[in-house]
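Asks: Structure file start_23.cif, mmCIF, C-alpha atoms, is pasted below:
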```cif
data_work
#
loop_
_atom_site.label_atom_id
_atom_site.label_comp_id
_atom_site.auth_asym_id
_atom_site.auth_seq_id
_atom_site.Cartn_x
_atom_site.Cartn_y
_atom_site.Cartn_z
CA MET A 1 0.00 0.00 0.00
CA TYR A 2 1.30 3.46 -0.92
CA ASP A 3 2.21 5.85 1.92
CA TYR A 4 0.67 9.17 0.89
CA GLU A 5 2.18 11.01 3.85
CA LYS A 6 5.75 10.16 2.89
CA GLY A 7 5.35 10.29 -0.89
CA SER A 8 7.30 12.88 -2.84
CA GLU A 9 5.38 15.70 -4.48
CA GLN A 10 6.35 14.47 -7.93
CA GLU A 11 5.12 10.94 -7.20
CA LEU A 12 1.88 12.32 -5.79
CA ILE A 13 1.42 14.42 -8.94
CA ARG A 14 2.02 11.39 -11.14
CA ARG A 15 -0.55 9.43 -9.15
CA ALA A 16 -3.05 12.32 -9.23
CA ARG A 17 -2.66 12.59 -13.00
CA ARG A 18 -3.68 8.92 -13.20
CA GLY A 19 -6.85 9.69 -11.21
CA ASP A 20 -5.68 8.91 -7.67
CA VAL A 21 -8.00 11.04 -5.49
CA LYS A 22 -5.95 10.47 -2.33
CA ALA A 23 -2.80 11.72 -4.04
CA PHE A 24 -4.56 14.89 -5.20
CA ALA A 25 -6.05 15.40 -1.72
CA ARG A 26 -2.58 15.12 -0.18
CA LEU A 27 -1.17 17.70 -2.62
CA TYR A 28 -4.07 20.03 -1.89
CA SER A 29 -3.69 19.61 1.88
CA GLU A 30 -0.21 21.12 1.63
CA ILE A 31 -1.42 24.41 0.14
CA TYR A 32 -5.09 24.92 1.05
CA LYS A 33 -4.40 27.50 3.77
CA ASP A 34 -2.27 29.57 1.40
CA LEU A 35 -4.93 29.32 -1.30
CA TYR A 36 -7.63 30.48 1.11
CA ARG A 37 -5.53 33.36 2.47
CA PHE A 38 -4.78 34.53 -1.05
CA ALA A 39 -8.44 34.35 -2.10
CA LEU A 40 -9.58 36.12 1.08
CA CYS A 41 -7.02 38.84 0.58
CA VAL A 42 -8.09 39.43 -3.02
CA LEU A 43 -11.86 38.97 -2.68
CA ARG A 44 -12.20 40.43 0.83
CA HIS A 45 -15.16 38.25 1.74
CA PRO A 46 -14.84 34.86 3.50
CA GLN A 47 -17.67 33.11 1.64
CA GLU A 48 -16.44 34.29 -1.75
CA ALA A 49 -12.92 33.13 -0.86
CA GLU A 50 -14.21 29.70 0.12
CA ASP A 51 -16.19 29.46 -3.11
CA ALA A 52 -13.19 30.51 -5.21
CA VAL A 53 -10.95 27.91 -3.55
CA SER A 54 -13.60 25.21 -3.97
CA GLU A 55 -14.02 25.98 -7.65
CA THR A 56 -10.25 26.09 -8.07
CA VAL A 57 -9.83 22.65 -6.51
CA ALA A 58 -12.58 21.17 -8.66
CA ALA A 59 -11.10 22.69 -11.83
CA ALA A 60 -7.60 21.56 -10.89
CA TYR A 61 -8.72 18.01 -10.20
CA GLU A 62 -10.59 17.85 -13.50
CA ASN A 63 -7.59 19.23 -15.39
CA ILE A 64 -4.63 17.72 -13.52
CA SER A 65 -3.69 15.82 -16.66
CA LYS A 66 -2.98 19.19 -18.32
CA LEU A 67 -0.30 20.08 -15.77
CA LYS A 68 2.81 20.30 -17.91
CA LYS A 69 5.57 20.55 -15.31
CA GLU A 70 5.29 18.31 -12.28
CA GLY A 71 7.38 20.74 -10.25
CA SER A 72 4.96 23.62 -10.79
CA PHE A 73 1.83 22.25 -9.09
CA ARG A 74 1.71 25.07 -6.53
CA SER A 75 2.03 27.89 -9.07
CA TRP A 76 -0.43 26.11 -11.36
CA MET A 77 -2.98 26.02 -8.52
CA PHE A 78 -2.42 29.70 -7.74
CA THR A 79 -2.84 30.56 -11.42
CA ILE A 80 -6.19 28.79 -11.49
CA LEU A 81 -7.17 30.54 -8.25
CA SER A 82 -6.07 33.91 -9.60
CA ASN A 83 -8.30 33.43 -12.63
CA GLN A 84 -11.18 32.32 -10.42
CA CYS A 85 -10.76 35.39 -8.20
CA ARG A 86 -10.84 37.63 -11.27
CA LYS A 87 -14.10 36.02 -12.35
CA SER A 88 -15.58 36.53 -8.89
CA LEU A 89 -14.49 40.16 -8.81
CA ALA A 90 -16.00 40.77 -12.20
CA GLN A 91 -19.30 39.19 -11.14
CA ASN A 92 -19.68 40.85 -7.78
CA ARG A 93 -17.50 43.52 -6.18
CA ARG A 94 -18.17 43.59 -2.45
CA GLU A 95 -16.45 45.42 0.36
CA ILE A 96 -15.66 43.39 3.46
CA SER A 97 -18.23 44.30 6.08
CA SER A 98 -17.26 45.57 9.49
CA ASP A 99 -18.98 42.48 10.95
CA ASN A 100 -16.45 40.26 9.18
CA ALA A 101 -13.39 42.38 9.97
CA GLN A 102 -12.27 40.38 13.00
CA ALA A 103 -12.87 37.03 11.27
CA TYR A 104 -10.85 38.36 8.35
CA ALA A 105 -8.00 39.27 10.69
CA ARG A 106 -8.01 35.84 12.37
CA GLU A 107 -8.01 34.04 9.03
CA THR A 108 -5.31 36.13 7.39
CA CYS A 109 -3.08 36.85 10.36
CA GLY A 110 -3.70 33.89 12.64
CA SER A 111 -4.32 36.26 15.54
CA GLU A 112 -5.92 39.59 16.23
CA PRO A 113 -3.41 42.43 15.88
CA ASP A 114 -4.14 45.98 16.98
CA TYR A 115 -7.58 46.62 15.47
CA ALA A 116 -6.94 50.25 14.44
CA GLN A 117 -3.66 49.35 12.76
CA GLN A 118 -5.29 46.36 11.07
CA GLN A 119 -8.05 48.60 9.70
CA ASP A 120 -5.47 51.08 8.40
CA VAL A 121 -3.52 48.36 6.58
CA ARG A 122 -6.72 46.87 5.15
CA ARG A 123 -7.87 50.31 3.98
CA ALA A 124 -4.49 50.96 2.34
CA PHE A 125 -4.60 47.54 0.67
CA GLU A 126 -8.14 48.10 -0.58
CA GLU A 127 -7.09 51.39 -2.18
CA LEU A 128 -4.89 49.42 -4.57
CA ASP A 129 -6.36 48.45 -7.90
CA GLU A 130 -7.17 44.80 -8.63
CA GLU A 131 -3.88 43.99 -10.34
CA GLU A 132 -1.82 45.61 -7.58
CA ARG A 133 -3.72 43.61 -4.94
CA MET A 134 -3.08 40.40 -6.89
CA ILE A 135 0.65 41.11 -7.15
CA VAL A 136 1.01 42.06 -3.49
CA SER A 137 -1.06 39.03 -2.45
CA PHE A 138 1.01 36.62 -4.51
CA SER A 139 4.15 38.10 -3.03
CA VAL A 140 3.05 38.36 0.60
CA PHE A 141 0.71 35.38 1.03
CA GLY A 142 2.03 33.09 -1.66
CA GLY A 143 5.70 33.92 -1.13
CA TYR A 144 6.27 34.09 -4.85
CA LYS A 145 9.10 35.94 -6.57
CA SER A 146 8.50 38.46 -9.34
CA ASP A 147 9.34 36.04 -12.15
CA GLU A 148 6.87 33.46 -10.77
CA ILE A 149 4.15 36.09 -10.38
CA ALA A 150 4.86 37.29 -13.92
CA PHE A 151 4.41 33.76 -15.23
CA MET A 152 1.09 33.33 -13.40
CA LEU A 153 -0.27 36.71 -14.50
CA LYS A 154 1.20 36.48 -18.01
CA LYS A 155 3.22 39.67 -17.54
CA ASN A 156 6.85 40.69 -17.82
CA ALA A 157 8.86 40.16 -14.58
CA ALA A 158 10.17 43.73 -14.69
CA THR A 159 6.60 45.00 -14.98
CA VAL A 160 5.58 42.95 -11.96
CA ARG A 161 8.52 44.28 -9.93
CA SER A 162 7.73 47.90 -10.78
CA ARG A 163 3.99 47.48 -10.09
CA LYS A 164 4.72 45.75 -6.80
CA SER A 165 7.07 48.54 -5.82
CA ARG A 166 4.50 51.20 -6.72
CA ALA A 167 1.74 49.33 -4.89
CA LEU A 168 3.81 49.04 -1.74
CA GLU A 169 4.75 52.71 -1.99
CA LYS A 170 1.05 53.63 -2.32
CA MET A 171 0.33 51.65 0.82
CA ARG A 172 3.26 53.24 2.64
CA VAL A 173 2.04 56.75 1.72
CA SER A 174 -1.53 55.86 2.66
CA LEU A 175 -0.31 54.67 6.04
CA GLY A 176 1.50 57.96 6.58
CA GLY A 177 5.05 56.73 6.00
CA SER A 178 6.13 58.39 2.77
CA GLU A 179 9.82 57.90 3.65
CA ARG A 180 11.66 55.02 2.03
#
```
Give the structure from this file in structure tokens form.

Replies:
Amino acid sequence: MYDYEKGSEQELIRRARRGDVKAFARLYSEIYKDLYRFALCVLRHPQEAEDAVSETVAAAYENISKLKKEGSFRSWMFTILSNQCRKSLAQNRREISSDNAQAYARETCGSEPDYAQQQDVRRAFEELDEEERMIVSFSVFGGYKSDEIAFMLKKNAATVRSRKSRALEKMRVSLGGSER
């Protein structure tokens, strides 16, 4: 019997491509929190984030055979999620309600930081346009480098770096720290 807990990512991907549900579930279990955090950060509503992740997982499972590079499962999943988030944003643009603010903080931060500071950071983040939020989210929550983000968003790496820099500067200015 195959040990899914000790299996290498590449072997799990090979098994998932052959229809092994347990192998796919194991791969997903490694990144689901990061997927949810990313979706929550971009969509700003817990239910929409859950829906986006669910649809991403279903689409990924259905299309796992189309994964070209076994070593790029994580970025492939985030690319699918990014596209799903864009669809959700296009369908329904909602602001996170004040009732959900503390739940949002617990989900994204793992604890409850200073509420006023948290609100300021959220407000500064929400002032960014959609593409800037995606880039900052991929960088901060996904831990991706500019070239990886560029690949996922089908942009030039230099463009991603400059847009990330501008987005972070916008946030810095919005938070009252215009010094570099």

Asks: On this structure, which residues satisfy the PyMOL selection byres ((chain A and resi 12-14) around 8), written as a PyMOL selection string?

Replies: chain A and resi 4+7-11+15-18+23-24+26-27+70+73

Asks: Atom CA of A:Val160 and atom CA of A:Lys145, how far apart in Å?

Replies: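 Answer for the atom CA of A:Lys145 to atom CA of A:Val160 separation: 9.5 Å.
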
Asks: Using all atoms listed in the file, determine which residues lie at most 6 Å from stretch 48-65 of chain A, disregarding the query and same-chain residues fewer than 3 positions distant; provide the list as a list in words.

Replies: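 Answer for this query is Arg17, Ala39, Leu40, His45, Ile80, Leu81 and Gln84 of chain A.
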
Asks: Can you tell me how far atom CA of A:Ile31 sits from atom CA of A:Ala158, in Å to one decimal?

Replies: 27.0 Å

Asks: For each of A:Gln47, A:Ser139, A:Ser174, A:Ser82, take the minimum atom-to-atom distance to A:Val121, counting all atoms listed in the file, then give the residue where this is smallest.

Replies: A:Ser174

Asks: Could you check how far atom CA of A:Gly142 sits from atom CA of A:Asp34, in Å to one decimal?

Replies: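 Rounded to one decimal, the two atoms are 6.3 Å apart.
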
Asks: Once the PyMOL selection byres ((chain A and resi 161-167) around 7) has been applied to the shown file, what residues remain in the selection, as a PyMOL selection string?

Replies: chain A and resi 128+132+135-136+146+157-160+168-171

Asks: Kindly provide, as AutoDock Vina command-line options, the centre and edge lengths (Å, one decimal) of an axis-aligned box around all atoms of stretch 159-172 of chain A given in the file, with 5 Å on each side.

Replies:
```
--center_x 4.4 --center_y 48.3 --center_z -6.2 --size_x 18.2 --size_y 20.7 --size_z 27.6
```

Asks: Using all atoms listed in the file, which of the listed residues (A:Tyr144, A:Leu175, A:Phe125, A:Asp20) sits closest to A:Val42?

Replies: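 Residue with the minimum atom-to-atom distance to A:Val42: A:Phe125.
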